Each structure stands twice: as structure tokens, then as C-alpha cells.
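Dropping query-v2.cif in here (mmCIF, C-alpha atoms and all ligand atoms):
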data_protein
loop_
_atom_site.label_atom_id
_atom_site.label_comp_id
_atom_site.auth_asym_id
_atom_site.auth_seq_id
_atom_site.Cartn_x
_atom_site.Cartn_y
_atom_site.Cartn_z
CA LEU Y 259 -162.29 -61.89 -80.71
CA LEU Y 260 -166.06 -61.90 -80.13
CA THR Y 261 -165.65 -60.81 -76.52
CA GLU Y 262 -163.35 -58.03 -77.60
CA ALA Y 263 -165.94 -56.77 -80.10
CA ASP Y 264 -168.69 -57.19 -77.48
CA ILE Y 265 -170.83 -59.48 -79.64
CA THR Y 266 -172.12 -62.98 -78.97
CA LYS Y 267 -172.42 -66.08 -81.15
CA THR Y 268 -176.09 -65.34 -81.77
CA ASP Y 269 -175.24 -61.93 -83.28
CA LEU Y 270 -173.30 -63.59 -86.10
CA ALA Y 271 -174.92 -63.86 -89.54
CA GLY Y 272 -171.99 -65.81 -90.93
CA ILE Y 273 -168.24 -66.04 -91.03
CA GLY Y 274 -166.02 -65.09 -93.97
CA ILE Y 275 -162.34 -65.91 -94.16
CA GLY Y 276 -159.83 -64.65 -96.70
CA VAL Y 277 -157.25 -67.34 -97.44
CA PRO Y 278 -153.88 -66.59 -99.04
CA GLY Y 279 -154.22 -69.43 -101.53
CA LEU Y 280 -156.74 -71.47 -103.48
CA VAL Y 281 -160.00 -72.68 -101.98
CA ASP Y 282 -162.55 -75.07 -103.43
CA PRO Y 283 -165.36 -73.49 -105.52
CA ARG Y 284 -167.89 -73.90 -102.72
CA GLY Y 285 -165.65 -72.02 -100.32
CA LYS Y 286 -165.43 -74.83 -97.77
CA THR Y 287 -161.96 -76.33 -98.01
CA ILE Y 288 -158.52 -74.89 -98.56
CA LEU Y 289 -156.89 -76.48 -101.62
CA ARG Y 290 -153.47 -74.88 -101.69
CA THR Y 291 -151.66 -72.30 -99.60
CA PRO Y 292 -148.08 -71.66 -100.63
CA ASN Y 293 -147.11 -70.04 -97.32
CA ILE Y 294 -149.11 -71.83 -94.60
CA HIS Y 295 -149.71 -75.56 -94.22
CA LEU Y 296 -153.48 -75.77 -94.20
CA ALA Y 297 -154.12 -77.62 -97.49
CA HIS Y 298 -157.17 -79.93 -97.47
CA PHE Y 299 -158.17 -78.78 -94.00
CA PRO Y 300 -161.98 -78.51 -93.86
CA LEU Y 301 -161.82 -75.17 -92.06
CA ALA Y 302 -165.41 -74.16 -92.86
CA ALA Y 303 -166.87 -77.36 -91.37
CA ALA Y 304 -164.79 -77.00 -88.23
CA LEU Y 305 -165.94 -73.41 -87.66
CA LYS Y 306 -169.54 -74.14 -88.58
CA LYS Y 307 -169.62 -76.81 -85.85
CA THR Y 308 -168.53 -74.25 -83.26
CA PHE Y 309 -170.56 -71.24 -84.38
CA SER Y 310 -173.61 -72.78 -86.15
CA VAL Y 311 -173.64 -70.13 -88.92
CA PRO Y 312 -172.67 -70.28 -92.61
CA VAL Y 313 -168.90 -70.16 -93.08
CA ILE Y 314 -167.33 -69.22 -96.38
CA LEU Y 315 -163.68 -69.24 -97.41
CA GLY Y 316 -162.31 -67.30 -100.33
CA ASN Y 317 -159.04 -66.23 -101.84
CA ASP Y 318 -157.78 -63.22 -99.88
CA VAL Y 319 -157.25 -61.05 -102.97
CA ASN Y 320 -160.71 -61.89 -104.32
CA ALA Y 321 -161.97 -60.85 -100.89
CA GLY Y 322 -159.97 -57.62 -101.07
CA VAL Y 323 -161.45 -56.76 -104.47
CA LEU Y 324 -164.96 -57.49 -103.15
CA ALA Y 325 -164.24 -55.13 -100.26
CA GLU Y 326 -163.04 -52.39 -102.64
CA HIS Y 327 -166.27 -52.88 -104.63
CA TRP Y 328 -168.34 -52.66 -101.46
CA LEU Y 329 -166.63 -49.86 -99.54
CA GLY Y 330 -163.53 -48.68 -101.39
CA ALA Y 331 -162.32 -47.44 -104.77
CA GLY Y 332 -164.81 -49.64 -106.64
CA ARG Y 333 -168.00 -48.28 -105.08
CA GLY Y 334 -170.73 -47.89 -107.70
CA HIS Y 335 -168.83 -49.76 -110.43
CA GLN Y 336 -170.04 -53.05 -111.87
CA ASN Y 337 -167.08 -54.28 -113.94
CA ILE Y 338 -163.81 -54.18 -112.05
CA VAL Y 339 -160.42 -55.84 -112.37
CA GLY Y 340 -158.23 -55.72 -109.26
CA ILE Y 341 -154.48 -56.34 -109.36
CA PHE Y 342 -152.75 -56.55 -105.99
CA VAL Y 343 -148.98 -56.26 -106.04
CA GLY Y 344 -147.36 -57.42 -102.82
CA THR Y 345 -144.80 -60.14 -102.19
CA GLY Y 346 -146.51 -61.85 -105.11
CA VAL Y 347 -149.29 -60.61 -107.36
CA GLY Y 348 -152.94 -61.53 -106.89
CA GLY Y 349 -156.09 -60.53 -108.66
CA GLY Y 350 -159.85 -60.47 -108.58
CA ILE Y 351 -162.52 -59.85 -111.19
CA ILE Y 352 -165.98 -58.44 -110.68
CA LEU Y 353 -168.31 -58.73 -113.67
CA ASP Y 354 -171.82 -57.25 -113.67
CA GLY Y 355 -171.44 -56.59 -109.96
CA LYS Y 356 -170.51 -60.15 -109.04
CA LEU Y 357 -167.21 -61.80 -108.22
CA PHE Y 358 -166.22 -63.93 -111.20
CA ALA Y 359 -165.14 -67.32 -109.82
CA GLY Y 360 -164.77 -69.46 -112.95
CA ALA Y 361 -165.63 -73.16 -113.31
CA GLN Y 362 -163.57 -74.30 -110.32
CA GLY Y 363 -163.48 -71.09 -108.34
CA LEU Y 364 -159.93 -70.45 -109.45
CA ALA Y 365 -160.42 -67.46 -111.75
CA GLY Y 366 -158.68 -64.16 -111.19
CA GLU Y 367 -155.13 -65.44 -110.63
CA LEU Y 368 -153.85 -62.49 -112.61
CA GLY Y 369 -150.36 -62.83 -111.16
CA HIS Y 370 -149.89 -65.87 -113.37
CA LEU Y 371 -150.71 -64.24 -116.68
CA THR Y 372 -147.79 -65.05 -118.95
CA ILE Y 373 -146.23 -61.74 -119.95
CA ALA Y 374 -142.75 -62.82 -121.08
CA PRO Y 375 -142.66 -66.49 -122.16
CA SER Y 376 -138.90 -66.75 -121.77
CA GLY Y 377 -138.77 -64.51 -118.70
CA PRO Y 378 -137.74 -65.40 -115.16
CA LYS Y 379 -139.14 -68.48 -113.44
CA CYS Y 380 -142.28 -67.98 -111.36
CA GLY Y 381 -143.20 -69.74 -108.11
CA CYS Y 382 -145.98 -71.53 -110.03
CA GLY Y 383 -143.47 -73.30 -112.28
CA ASN Y 384 -144.05 -71.26 -115.44
CA ARG Y 385 -141.85 -68.50 -116.80
CA GLY Y 386 -142.44 -64.79 -117.15
CA CYS Y 387 -145.68 -64.54 -115.15
CA LEU Y 388 -146.80 -61.05 -114.12
CA GLU Y 389 -145.83 -62.03 -110.55
CA ALA Y 390 -142.33 -63.07 -111.64
CA LEU Y 391 -141.86 -59.63 -113.21
CA THR Y 392 -143.61 -57.24 -110.84
CA GLY Y 393 -144.04 -58.83 -107.38
CA ARG Y 394 -141.83 -57.66 -104.51
CA LEU Y 395 -139.77 -60.85 -104.64
CA ALA Y 396 -139.17 -60.21 -108.34
CA ILE Y 397 -138.14 -56.62 -107.59
CA GLU Y 398 -135.69 -57.87 -104.93
CA ARG Y 399 -134.25 -60.34 -107.44
CA GLU Y 400 -133.78 -57.59 -110.04
CA ILE Y 401 -132.09 -55.34 -107.48
CA ARG Y 402 -129.63 -58.08 -106.48
CA GLN Y 403 -128.86 -58.76 -110.15
CA GLY Y 404 -128.37 -55.04 -110.77
CA ILE Y 405 -125.91 -54.86 -107.90
CA LYS Y 406 -124.02 -57.84 -109.35
CA ARG Y 407 -123.83 -56.02 -112.69
CA ARG Y 408 -122.52 -52.99 -110.77
CA GLU Y 409 -125.40 -50.74 -111.79
CA ARG Y 410 -125.29 -47.45 -109.91
CA THR Y 411 -127.29 -47.69 -106.67
CA ARG Y 412 -127.28 -46.81 -102.97
CA ILE Y 413 -129.98 -49.34 -102.11
CA LYS Y 414 -127.76 -51.22 -99.62
CA GLU Y 415 -127.21 -48.04 -97.65
CA ILE Y 416 -130.91 -47.07 -97.89
CA ALA Y 417 -131.96 -50.55 -96.73
CA GLY Y 418 -129.64 -50.36 -93.73
CA GLY Y 419 -127.14 -52.83 -95.14
CA LYS Y 420 -129.56 -55.73 -95.64
CA ILE Y 421 -130.90 -56.58 -99.08
CA GLN Y 422 -131.99 -60.19 -98.48
CA SER Y 423 -135.50 -58.85 -98.10
CA ILE Y 424 -136.37 -55.31 -99.20
CA LYS Y 425 -139.56 -53.77 -97.82
CA SER Y 426 -141.91 -51.74 -100.01
CA LYS Y 427 -141.20 -48.74 -97.76
CA THR Y 428 -137.48 -49.06 -98.56
CA LEU Y 429 -138.30 -49.08 -102.27
CA LYS Y 430 -140.27 -45.89 -101.71
CA LYS Y 431 -137.31 -44.29 -99.91
CA ALA Y 432 -135.00 -45.27 -102.78
CA LEU Y 433 -137.44 -43.76 -105.31
CA ASN Y 434 -137.59 -40.53 -103.29
CA LYS Y 435 -133.80 -40.39 -103.35
CA LYS Y 436 -133.89 -41.05 -107.11
CA ASP Y 437 -131.76 -44.16 -106.79
CA PRO Y 438 -130.91 -45.01 -110.44
CA LEU Y 439 -131.19 -48.82 -110.15
CA VAL Y 440 -134.42 -48.87 -108.14
CA THR Y 441 -135.96 -46.17 -110.35
CA ARG Y 442 -135.09 -48.14 -113.49
CA ILE Y 443 -136.53 -51.38 -112.06
CA MET Y 444 -139.70 -49.75 -110.73
CA ARG Y 445 -140.28 -48.06 -114.09
CA ASP Y 446 -140.00 -51.49 -115.79
CA VAL Y 447 -142.43 -52.90 -113.20
CA ALA Y 448 -144.93 -50.09 -113.89
CA VAL Y 449 -144.69 -50.51 -117.68
CA THR Y 450 -145.23 -54.27 -117.30
CA LEU Y 451 -148.29 -53.65 -115.11
CA GLY Y 452 -149.54 -51.21 -117.75
CA LYS Y 453 -149.16 -53.87 -120.46
CA ALA Y 454 -151.05 -56.34 -118.27
CA CYS Y 455 -153.83 -53.73 -117.94
CA ILE Y 456 -154.05 -53.55 -121.75
CA SER Y 457 -154.53 -57.33 -121.98
CA LEU Y 458 -157.09 -57.28 -119.17
CA ARG Y 459 -159.00 -54.49 -120.91
CA HIS Y 460 -159.12 -56.61 -124.06
CA VAL Y 461 -160.50 -59.58 -122.13
CA PHE Y 462 -162.90 -57.93 -119.69
CA ASN Y 463 -163.55 -54.37 -120.89
CA PRO Y 464 -163.70 -53.20 -117.25
CA GLU Y 465 -164.78 -49.68 -116.36
CA LEU Y 466 -162.27 -49.70 -113.52
CA ILE Y 467 -158.91 -51.31 -112.81
CA ILE Y 468 -157.88 -51.10 -109.16
CA LEU Y 469 -154.22 -51.48 -108.25
CA GLY Y 470 -153.53 -52.38 -104.64
CA GLY Y 471 -151.17 -54.30 -102.38
CA GLY Y 472 -148.10 -53.29 -100.38
CA VAL Y 473 -145.93 -52.25 -103.35
CA ILE Y 474 -148.68 -49.98 -104.71
CA GLU Y 475 -149.50 -48.58 -101.26
CA ALA Y 476 -145.87 -47.56 -100.81
CA CYS Y 477 -144.88 -46.66 -104.38
CA GLY Y 478 -148.22 -45.94 -106.09
CA ASP Y 479 -147.38 -42.26 -106.66
CA PHE Y 480 -144.48 -43.36 -108.85
CA ILE Y 481 -146.09 -46.46 -110.40
CA LEU Y 482 -149.65 -45.37 -111.23
CA PRO Y 483 -148.92 -42.53 -113.68
CA ILE Y 484 -146.65 -44.86 -115.70
CA VAL Y 485 -149.27 -47.65 -115.64
CA LYS Y 486 -151.91 -45.18 -116.86
CA LYS Y 487 -149.67 -43.82 -119.59
CA THR Y 488 -148.71 -47.32 -120.80
CA ALA Y 489 -152.27 -48.63 -120.74
CA GLY Y 490 -153.54 -45.45 -122.40
CA SER Y 491 -151.08 -45.80 -125.27
CA GLU Y 492 -152.97 -48.79 -126.70
CA PRO Y 493 -154.41 -47.58 -130.03
CA PHE Y 494 -157.28 -50.08 -129.88
CA PHE Y 495 -158.89 -48.18 -127.01
CA ALA Y 496 -157.99 -44.68 -128.16
CA LYS Y 497 -161.58 -43.88 -129.09
CA VAL Y 498 -163.33 -45.66 -126.22
CA ASP Y 499 -161.17 -44.54 -123.33
CA ASN Y 500 -163.54 -45.05 -120.47
CA CYS Y 501 -161.47 -47.33 -118.26
CA THR Y 502 -160.19 -45.67 -115.10
CA ILE Y 503 -157.06 -47.00 -113.41
CA THR Y 504 -156.94 -46.13 -109.74
CA ALA Y 505 -155.32 -47.09 -106.44
CA ALA Y 506 -157.10 -49.23 -103.84
CA GLU Y 507 -158.47 -47.31 -100.87
CA LEU Y 508 -158.84 -49.77 -98.02
CA ALA Y 509 -155.18 -50.61 -97.32
CA ASP Y 510 -154.84 -52.08 -93.81
CA ASP Y 511 -158.56 -52.76 -93.47
CA ALA Y 512 -158.76 -54.73 -96.72
CA GLY Y 513 -158.25 -58.12 -95.01
CA VAL Y 514 -161.00 -57.76 -92.43
CA LEU Y 515 -163.42 -55.98 -94.75
CA GLY Y 516 -162.63 -58.54 -97.46
CA ALA Y 517 -163.57 -61.40 -95.13
CA ALA Y 518 -166.81 -59.58 -94.28
CA ALA Y 519 -167.43 -58.95 -98.00
CA LEU Y 520 -167.04 -62.69 -98.72
CA ILE Y 521 -169.78 -63.72 -96.32
CA LYS Y 522 -171.99 -60.75 -97.36
CA ASN Y 523 -171.53 -61.82 -101.00
CA TYR Y 524 -172.38 -65.43 -100.08
CA LEU Y 525 -175.51 -64.55 -98.08
CA GLN Y 526 -176.77 -62.27 -100.87
CA HIS Y 527 -176.37 -64.68 -103.81
ZN ZN D 601 -146.76 -67.89 -112.18
#

Starting from the file, give its structure as C-alpha cells.
Amino acid sequence: LLTEADITKTDLAGIGIGVPGLVDPRGKTILRTPNIHLAHFPLAAALKKTFSVPVILGNDVNAGVLAEHWLGAGRGHQNIVGIFVGTGVGGGIILDGKLFAGAQGLAGELGHLTIAPSGPKCGCGNRGCLEALTGRLAIEREIRQGIKRRERTRIKEIAGGKIQSIKSKTLKKALNKKDPLVTRIMRDVAVTLGKACISLRHVFNPELIILGGGVIEACGDFILPIVKKTAGSEPFFAKVDNCTITAAELADDAGVLGAAALIKNYLQH
């Protein structure tokens, strides 16, 4: 990688790595990764030995929100909540210009906000988490249930016959074709995200809420107006409506820029 970028070890100020899971508060060891088996691996120490520079690990969504703050939709804002809707739902919180980590570095797991206590089971073990209602896996589940109930849809045809896994782009296609089932489900998803925004406004009073992730990238044009309308309907904030809800800007670069933002953040504070 270094050779490709034409830089040498001595050019490095530090190394940042976005991890799809939980890392310890000091950013040295991976605690839990649902999708890759790297738990308890002291990755930072191993890399530090090779490169002799500070190495910092962080949750990949936290990193993505830091990157949006640095170079994307969050530029110039000091209080930001980021919600990233992909396969699951992740989050990140920036308060007074700094990433809010919490006591154990585990803050910002907005995907596991309980929205519907008797709702569908979430991967974390609880019920009705934001992720279990709005993540792509949840959307797939709702589509399969809708098909079972014989709701009107052409999603199978739009997805090329396979609905085991439905890509965000396929959801977008179905929305463009005004597929009744997918439209109904995506509207529910957007309203739920809007309700989550209301709760997050009550807790953090952010000036900006950034929505990102694969589902938003593909279907943001449909989802965002509904999120804004739902969040804006909260009477509590009617007279202090200064919270902007916007889409993330960095898309494909978010991972790399997020990793860079992590080490930049670490070296600065
Ligand atoms: Zn959960």
C-alpha cells in the first residue's frame, strides 16, 4: 500500500483503522466484531511494532462521522449526530467538536436504540432496536414477510429472481418503479428513522443530523424528505427548529477518510 502511494515508513505520522465492531476505549484492541473473527487481537500493538508510529483503532461508523465532520457534510458544525443505515445501523456523535466516546468508548451505537420494545429481534439480542427496524437486513425480512402475506409487489422480478439478499440499488429500482410493497416498507423505515431523530434531538440537541450508509446513498431521495417531515412534526422543537437533517457526502471515500480522521483526531487531542 505504501509503495503504491509512493510514501515511506518515515512519512507516516500515525495509522488509523476503522473497525466494524467495538474497540477498547484506548483504541488498541478489538473487543467484538460480529462479521470478522478478530476479537481480542492486539492489532494496534502488532502494527506499531512494524511501523513505529502511533496506531489507533476506532469503530468504523464513528470514523465515518469524524470524516464527515472533517471533510464532508458536517464541515463547520460542532454538534453532530450521524446515523449510518447499511446492512445494520451504526452511529457516531460529535459534541463540541469532539467525538463522544463514553466511559468505555462504546457510545454512539445508535442502531441499538430501542424503538419498539415488542418489535422484531435484533442481532444484539434485544427487540425492536433501530437496526432491527431500518437496517437492510430488516428491510429484506419485511419484504419476505410481505411476499408471504401476498402483498402486491414485483420485487422478485426487479431483483432478478433472488430475494435472499436484496441490494440497496435494487430497493432504489423498486422505489423508482413505485413497487407497492417496497414503497410501503421504505416509508415505514423513513418514519422510524425520523422518530429516532426526534429522540436524538431531545438527548443531544445537535445542530446537524447526518444520514449515511448504503441504504441512504441509494434511497436517500425517497427517505430523507420523510425523515425531515417526521422529525419536524415534533411540537417540542416547533419554535427552535435549527436542526438540519442532511445526507452524508463522502460515500465510497468514507472508510479511508474515516481511518485518517481517527488518527488525526488522536494526534490532536
Ligand atoms: Zn440491537

Around the point (-153.1, -52.3, -110.5) in the file's coordinates, collect all residues with an atom within 12 Å, using only C-alpha atoms, and return them as a ChimeraX atom specification.
/Y:323,331,338-344,347-350,368-369,388,392-393,447-456,458,466-475,477-478,481-486,489,502-506

Counting all atoms listed in the file, note down every residue that has an atom within 9 Å of the point (-148.1, -66.2, -100.6) (file coordinates), as an MDAnalysis selection string.
chainID Y and resid 278:279 291:294 345:347

Using all atoms listed in the file, pick whichever of Y:Leu508, Y:Ala396, Y:Ile314, Y:Ala303 has the shortest atom-to-atom distance to Val281 of chain Y.
Y:Ile314

Taking only C-alpha atoms and all ligand atoms into account, which residues have an atom no farther than 9 Å from ligand ZN 601 (chain D)? I'd like them as JSON, numbers by chain.
{"Y": [367, 368, 369, 370, 371, 372, 379, 380, 381, 382, 383, 384, 385, 386, 387, 388, 389, 390]}

In Å to one decimal, how far is atom CA of Lys435 of chain Y from atom CA of Phe480 of chain Y?
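So the two atoms, atom CA of Phe480 of chain Y and atom CA of Lys435 of chain Y, lie 12.4 Å apart.
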
Quick check, in Å to one decimal: how far apart do atom CA of Leu439 of chain Y and atom CA of Thr411 of chain Y lie?
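So the two atoms, atom CA of Leu439 of chain Y and atom CA of Thr411 of chain Y, lie 5.3 Å apart.
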
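All residues of protein, DNA or RNA that reach within 6 Å of Gly316 of chain Y, judged by only C-alpha atoms and not counting those fewer than 5 positions away in the chain, are Y:Gly276, Y:Val277, Y:Gly285.
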
May I have the residues from that selection written out with C-alpha atoms, as an mmCIF file, in the coordinates of the input?
data_model
loop_
_atom_site.group_PDB
_atom_site.id
_atom_site.type_symbol
_atom_site.label_atom_id
_atom_site.label_comp_id
_atom_site.auth_asym_id
_atom_site.auth_seq_id
_atom_site.Cartn_x
_atom_site.Cartn_y
_atom_site.Cartn_z
ATOM 1 C CA GLY Y 276 -159.830 -64.650 -96.700
ATOM 2 C CA VAL Y 277 -157.250 -67.340 -97.440
ATOM 3 C CA GLY Y 285 -165.650 -72.020 -100.320
#

For a test of reading the model, state the distance in Å between atom CA of Ala321 of chain Y and atom CA of Ile373 of chain Y, rounded to one decimal.
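Taking atom CA of Ala321 of chain Y as the start and atom CA of Ile373 of chain Y as the end point, the length is 24.7 Å.
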
Judged by only C-alpha atoms, the minimum distance to Ile352 of chain Y among Y:Phe299, Y:Phe495, Y:Trp328, Y:Tyr524 is found for Y:Trp328

Which polymer residues have any atom within 6 Å of an atom of Leu315 of chain Y, counting only C-alpha atoms, with same-chain residues fewer than 6 positions away left out, as a list in words?
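Counting only the stated atoms, we get Gly274, Ile275, Gly285 and Lys286 of chain Y.
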
What's around Glu415 of chain Y at 12 Å? Count only C-alpha atoms, leave out sequence neighbours fewer than 6 positions away in its own chain, and write the answer as a CSV table (one decimal) with C-alpha atoms, in the frame of the given file.
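Now in around_14.csv:
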chain,number,residue,atom,x,y,z
Y,421,ILE,CA,-130.9,-56.6,-99.1
Y,424,ILE,CA,-136.4,-55.3,-99.2
Y,428,THR,CA,-137.5,-49.1,-98.6
Y,431,LYS,CA,-137.3,-44.3,-99.9
Y,432,ALA,CA,-135.0,-45.3,-102.8
Y,435,LYS,CA,-133.8,-40.4,-103.4
Y,437,ASP,CA,-131.8,-44.2,-106.8

Using all atoms listed in the file, which of Y:Pro464, Y:Pro312, Y:Gly490, Y:Pro283 sits nearest Ala361 of chain Y?
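The shortest atom-to-atom distance to Ala361 of chain Y comes from Y:Pro283.
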